[in-house]
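Presented below is the structure to which this report refers.
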Amino acid sequence: MNKKILLLPVLLSSLWGCTTVQPWERGDLAKIEMAWDPDPMKSALRDHIYFSKEGSSGGASSGGGGCGCN
Amino acid sequence: MSSEIFKKSPQGVPGNSRALNALTTAALAIPGMAMTAVATGVHAEAPPTNTEVGYRYSHYQEEDVPQSKLASGSKQRYDIDVHQFRVLTPVGENYAVDTTFDYETMSGASPYGTVDDGEGNPLLVMSGASIEDTRMDLNVKTTRYYESGTASVIGGYSTEDDYEAYNLGLEGTVDVNDKMTTLMGGLGYSDDTIKPTQASGFNRVTNESKYTATTFLGVAQVIDARSVFQTSINYAYSDGYLSDPYKLVDQRPNSRSSVAWNNRYRYFFGDLDAAMHADYRLYVDDWDLVSHTMAFEWQQNIDPNLRVIPSVRYYSQSQADFYTPIDIAAQPGDKSSDYRLSPFGALTFGLSAVAHSYNWKVIVSAERYVSDGDLALGSVEKEHPGLLQYTLVTLGFDYSF
């Protein structure tokens, strides 16, 4: 992989003062309650409801189809 | 986060950590533990080892329009039931297929537009309470897991009585920097067609379409042993028929570009055995609509089999540049009195409980949503009379085998 691309996260880590967290130290991070979306079905429904009732949308995904919500 | 992290045997690991590693790997062989590890997805995902099935039933009723804000039509707004089904299953050693199917039924009345109450303030014109619709939405996401990343292909189809949409997506993640950092990105495309239900006295379009292309780039970073942060930029472009054919007066531009900047932070409080979620999104588009969304969630473990999750979300948006509180049919150019393009703010309070054992979960959840002109960040001169309130309740389960 291109070294320049690899440099970006290293720079970001430096910026945040991150020290390497070893794999065996990541037990707390692996807990379900620490997930970005602990309940993907709940998140999907929320996103759909807000999409249909508010004027803005968009998240860290490629999105889905629209709806005729009126 | 993944079992892969634990499978790897880092160099120079002290003996007791090796033992812990072996123990953790053994623990991950237990179905419930493996399900938990796979579902987290914080960093360096691994393929699921079990099949997981899930079901959710949700119901919400939009509150009636107050008589004081109603000019004509029914005051009774939508009553909505949603059934969600999900199957996540491993295929071979390196693939997983995640299939979701939603079945949604709704009945009630919808805003047609607004009129002047005689003093310059808007009153709502509603449809009759006869609208009924069914929506079905199928999505299939196939993911290939690599040593340092993932690649996913997504396909979806949704249909309603008057609406049809096909969507495709490609997403990928790459783990770098000792798996402390995950780079992510994706592309999406949706092709939508609307064929409005016709009614006498209305001059509705018969068959219109639009497409939406999206792309996103993001980075997730392990900050320390207790916190992670993710930031991403999402760009979307829609082109085609973007108006609402059911409104009495509604003409919108035929394209829309938007940028959403999403930030998510997770922190684990070891002493409290709880995790805090803090999210912020900034959204801007070329209709001059700007919104801020802040969401906080507290995931509290009560005992090894019960988690309670209070949450609060705040949302505020400005109006679209062609929004008009009161419909003026003769006004030239783009115009809409849709409450979703009006300036307002909203609060959501939620409370969920998740009871779980080694291979099942039961979920109970309730949310209260309130939107109001007074909740907006800026001052709202004329609040839209159609702003919503609703209470959402959800019951569901997950089972792994």
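Labels for the structure tokens follow display order: chains A, B, ..., residues from 1 in each chain, ligands from 1.
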
**Request:** Identify every residue of chain A that has at least one atom within 6 Å of any atom of chain B, counting only C-alpha atoms, and report the result as a list in words.
**Result:**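 Listing them in order of chain and number gives Cys18, Val21, Pro23, Arg26, Ala30, Ile32, Glu33, Ala35, Glu54, Gly55, Gly58, Ser62, Gly64, Gly65 and Gly68 of chain A.
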
Generate a file of the selected residues that holds N, CA and C atoms, formatted as a PDB file, in the first residue's frame.
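Output (out27.pdb):
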```
ATOM      1  N   CYS A  18      -2.616   9.620  20.572  1.00  0.00           N
ATOM      2  CA  CYS A  18      -2.983   8.225  20.813  1.00  0.00           C
ATOM      3  C   CYS A  18      -1.732   7.371  20.948  1.00  0.00           C
ATOM      4  N   VAL A  21      -2.934   0.972  21.503  1.00  0.00           N
ATOM      5  CA  VAL A  21      -3.676   0.127  22.440  1.00  0.00           C
ATOM      6  C   VAL A  21      -3.525  -1.293  21.935  1.00  0.00           C
ATOM      7  N   PRO A  23      -3.909  -5.265  21.294  1.00  0.00           N
ATOM      8  CA  PRO A  23      -5.148  -6.037  21.106  1.00  0.00           C
ATOM      9  C   PRO A  23      -5.705  -6.592  22.407  1.00  0.00           C
ATOM     10  N   ARG A  26      -8.017  -4.328  24.509  1.00  0.00           N
ATOM     11  CA  ARG A  26      -9.220  -3.771  23.864  1.00  0.00           C
ATOM     12  C   ARG A  26     -10.512  -4.452  24.306  1.00  0.00           C
ATOM     13  N   ALA A  30     -14.438  -3.847  22.864  1.00  0.00           N
ATOM     14  CA  ALA A  30     -15.141  -4.919  22.148  1.00  0.00           C
ATOM     15  C   ALA A  30     -16.544  -5.155  22.667  1.00  0.00           C
ATOM     16  N   ILE A  32     -20.424  -4.888  23.414  1.00  0.00           N
ATOM     17  CA  ILE A  32     -21.534  -4.519  22.514  1.00  0.00           C
ATOM     18  C   ILE A  32     -21.993  -3.077  22.767  1.00  0.00           C
ATOM     19  N   GLU A  33     -21.969  -2.646  24.027  1.00  0.00           N
ATOM     20  CA  GLU A  33     -22.446  -1.294  24.339  1.00  0.00           C
ATOM     21  C   GLU A  33     -21.514  -0.201  23.819  1.00  0.00           C
ATOM     22  N   ALA A  35     -20.303  -0.350  20.671  1.00  0.00           N
ATOM     23  CA  ALA A  35     -20.407  -0.371  19.203  1.00  0.00           C
ATOM     24  C   ALA A  35     -20.942   0.952  18.668  1.00  0.00           C
ATOM     25  N   GLU A  54     -38.082  14.971   8.738  1.00  0.00           N
ATOM     26  CA  GLU A  54     -37.207  16.129   8.871  1.00  0.00           C
ATOM     27  C   GLU A  54     -36.586  16.446   7.511  1.00  0.00           C
ATOM     28  N   GLY A  55     -35.960  17.598   7.416  1.00  0.00           N
ATOM     29  CA  GLY A  55     -35.485  18.073   6.118  1.00  0.00           C
ATOM     30  C   GLY A  55     -34.072  17.674   5.769  1.00  0.00           C
ATOM     31  N   GLY A  58     -28.391  11.702   6.107  1.00  0.00           N
ATOM     32  CA  GLY A  58     -27.034  11.366   5.657  1.00  0.00           C
ATOM     33  C   GLY A  58     -26.167  10.898   6.801  1.00  0.00           C
ATOM     34  N   SER A  62     -23.642   4.098   2.522  1.00  0.00           N
ATOM     35  CA  SER A  62     -23.939   4.434   1.125  1.00  0.00           C
ATOM     36  C   SER A  62     -25.410   4.764   0.933  1.00  0.00           C
ATOM     37  N   GLY A  64     -29.765   4.267   1.316  1.00  0.00           N
ATOM     38  CA  GLY A  64     -30.691   3.279   0.764  1.00  0.00           C
ATOM     39  C   GLY A  64     -31.572   3.949  -0.254  1.00  0.00           C
ATOM     40  N   GLY A  65     -32.711   3.316  -0.544  1.00  0.00           N
ATOM     41  CA  GLY A  65     -33.656   3.919  -1.471  1.00  0.00           C
ATOM     42  C   GLY A  65     -34.488   4.988  -0.775  1.00  0.00           C
ATOM     43  N   GLY A  68     -41.860   7.368  -0.465  1.00  0.00           N
ATOM     44  CA  GLY A  68     -42.876   8.347  -0.832  1.00  0.00           C
ATOM     45  C   GLY A  68     -43.550   8.924   0.407  1.00  0.00           C
TER      46      GLY A  68
END
```

**Asked** What residues in segment 63-250 of chain B get the DSSP label strand (DSSP E or B)? Please answer as a VMD selection string.
**Response** chain B and resid 70 to 72 79 to 91 95 to 108 111 to 116 122 to 126 131 to 146 149 to 159 163 to 176 181 to 194 208 to 224 227 to 240 250

**Complete:** From atom CA of Arg313 of chain B to atom CA of Gln76 of chain B the spacing works out at 26.0 Å

**Request:** Run DSSP on the backbone of this structure and report the residues of segment 28-68 of chain A it assigns to helix (DSSP H, G or I), as a PyMOL selection string.
**Result:** chain A and resi 32-34+40-53

File of the preceding selection, N, CA and C atoms, as a JSON list (two decimals), in the first residue's frame:
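Contents of out28.json, as written:
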```json
[["chain", "number", "residue", "atom", "x", "y", "z"],
["A", 32, "ILE", "N", -20.42, -4.89, 23.41],
["A", 32, "ILE", "CA", -21.53, -4.52, 22.51],
["A", 32, "ILE", "C", -21.99, -3.08, 22.77],
["A", 33, "GLU", "N", -21.97, -2.65, 24.03],
["A", 33, "GLU", "CA", -22.45, -1.29, 24.34],
["A", 33, "GLU", "C", -21.51, -0.20, 23.82],
["A", 34, "MET", "N", -20.29, -0.60, 23.35],
["A", 34, "MET", "CA", -19.35, 0.38, 22.80],
["A", 34, "MET", "C", -19.42, 0.43, 21.27],
["A", 40, "PRO", "N", -28.52, -2.43, 15.21],
["A", 40, "PRO", "CA", -28.66, -1.90, 13.84],
["A", 40, "PRO", "C", -30.11, -1.77, 13.38],
["A", 41, "MET", "N", -31.01, -2.65, 13.86],
["A", 41, "MET", "CA", -32.41, -2.55, 13.42],
["A", 41, "MET", "C", -33.06, -1.30, 13.99],
["A", 42, "LYS", "N", -32.72, -1.00, 15.25],
["A", 42, "LYS", "CA", -33.26, 0.21, 15.87],
["A", 42, "LYS", "C", -32.74, 1.46, 15.14],
["A", 43, "SER", "N", -31.44, 1.46, 14.83],
["A", 43, "SER", "CA", -30.86, 2.61, 14.12],
["A", 43, "SER", "C", -31.50, 2.78, 12.75],
["A", 44, "ALA", "N", -31.74, 1.66, 12.07],
["A", 44, "ALA", "CA", -32.33, 1.73, 10.72],
["A", 44, "ALA", "C", -33.73, 2.34, 10.76],
["A", 45, "LEU", "N", -34.52, 1.94, 11.78],
["A", 45, "LEU", "CA", -35.88, 2.48, 11.89],
["A", 45, "LEU", "C", -35.85, 3.97, 12.22],
["A", 46, "ARG", "N", -34.97, 4.33, 13.18],
["A", 46, "ARG", "CA", -34.84, 5.74, 13.53],
["A", 46, "ARG", "C", -34.47, 6.58, 12.30],
["A", 47, "ASP", "N", -33.47, 6.10, 11.55],
["A", 47, "ASP", "CA", -33.02, 6.85, 10.36],
["A", 47, "ASP", "C", -34.17, 7.02, 9.38],
["A", 48, "HIS", "N", -34.96, 5.97, 9.20],
["A", 48, "HIS", "CA", -36.08, 6.03, 8.25],
["A", 48, "HIS", "C", -37.14, 7.03, 8.73],
["A", 49, "ILE", "N", -37.44, 7.01, 10.03],
["A", 49, "ILE", "CA", -38.46, 7.93, 10.57],
["A", 49, "ILE", "C", -37.98, 9.38, 10.45],
["A", 50, "TYR", "N", -36.74, 9.63, 10.86],
["A", 50, "TYR", "CA", -36.23, 11.01, 10.78],
["A", 50, "TYR", "C", -36.13, 11.48, 9.33],
["A", 51, "PHE", "N", -35.74, 10.56, 8.43],
["A", 51, "PHE", "CA", -35.65, 10.89, 7.00],
["A", 51, "PHE", "C", -37.01, 11.33, 6.47],
["A", 52, "SER", "N", -38.09, 10.70, 7.00],
["A", 52, "SER", "CA", -39.42, 11.00, 6.48],
["A", 52, "SER", "C", -40.07, 12.22, 7.15],
["A", 53, "LYS", "N", -39.52, 12.70, 8.27],
["A", 53, "LYS", "CA", -40.19, 13.77, 9.01],
["A", 53, "LYS", "C", -39.34, 15.02, 9.20]]
```

**Asked** Mind pulling up the distance from atom CA of Ala355 of chain B to atom CA of Pro304 of chain B?
**Response** 9.1 Å

**Request:** With a distance cut-off of 7 Å and only C-alpha atoms, select the neighbouring residues of Val115 of chain B, excluding the residue or stretch itself and same-chain residues fewer than 3 positions from it, and output the selection as number ranges by chain.
**Result:** B: 122-124, 326-327

**Prompt:** B:Ser152, B:Gln389, B:Asn305, B:Ser400: which is nearest Asn94 of chain B, counting only C-alpha atoms?
**Reply:**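 Ranking B:Ser152, B:Gln389, B:Asn305, B:Ser400 by distance to Asn94 of chain B, first place goes to B:Ser152.
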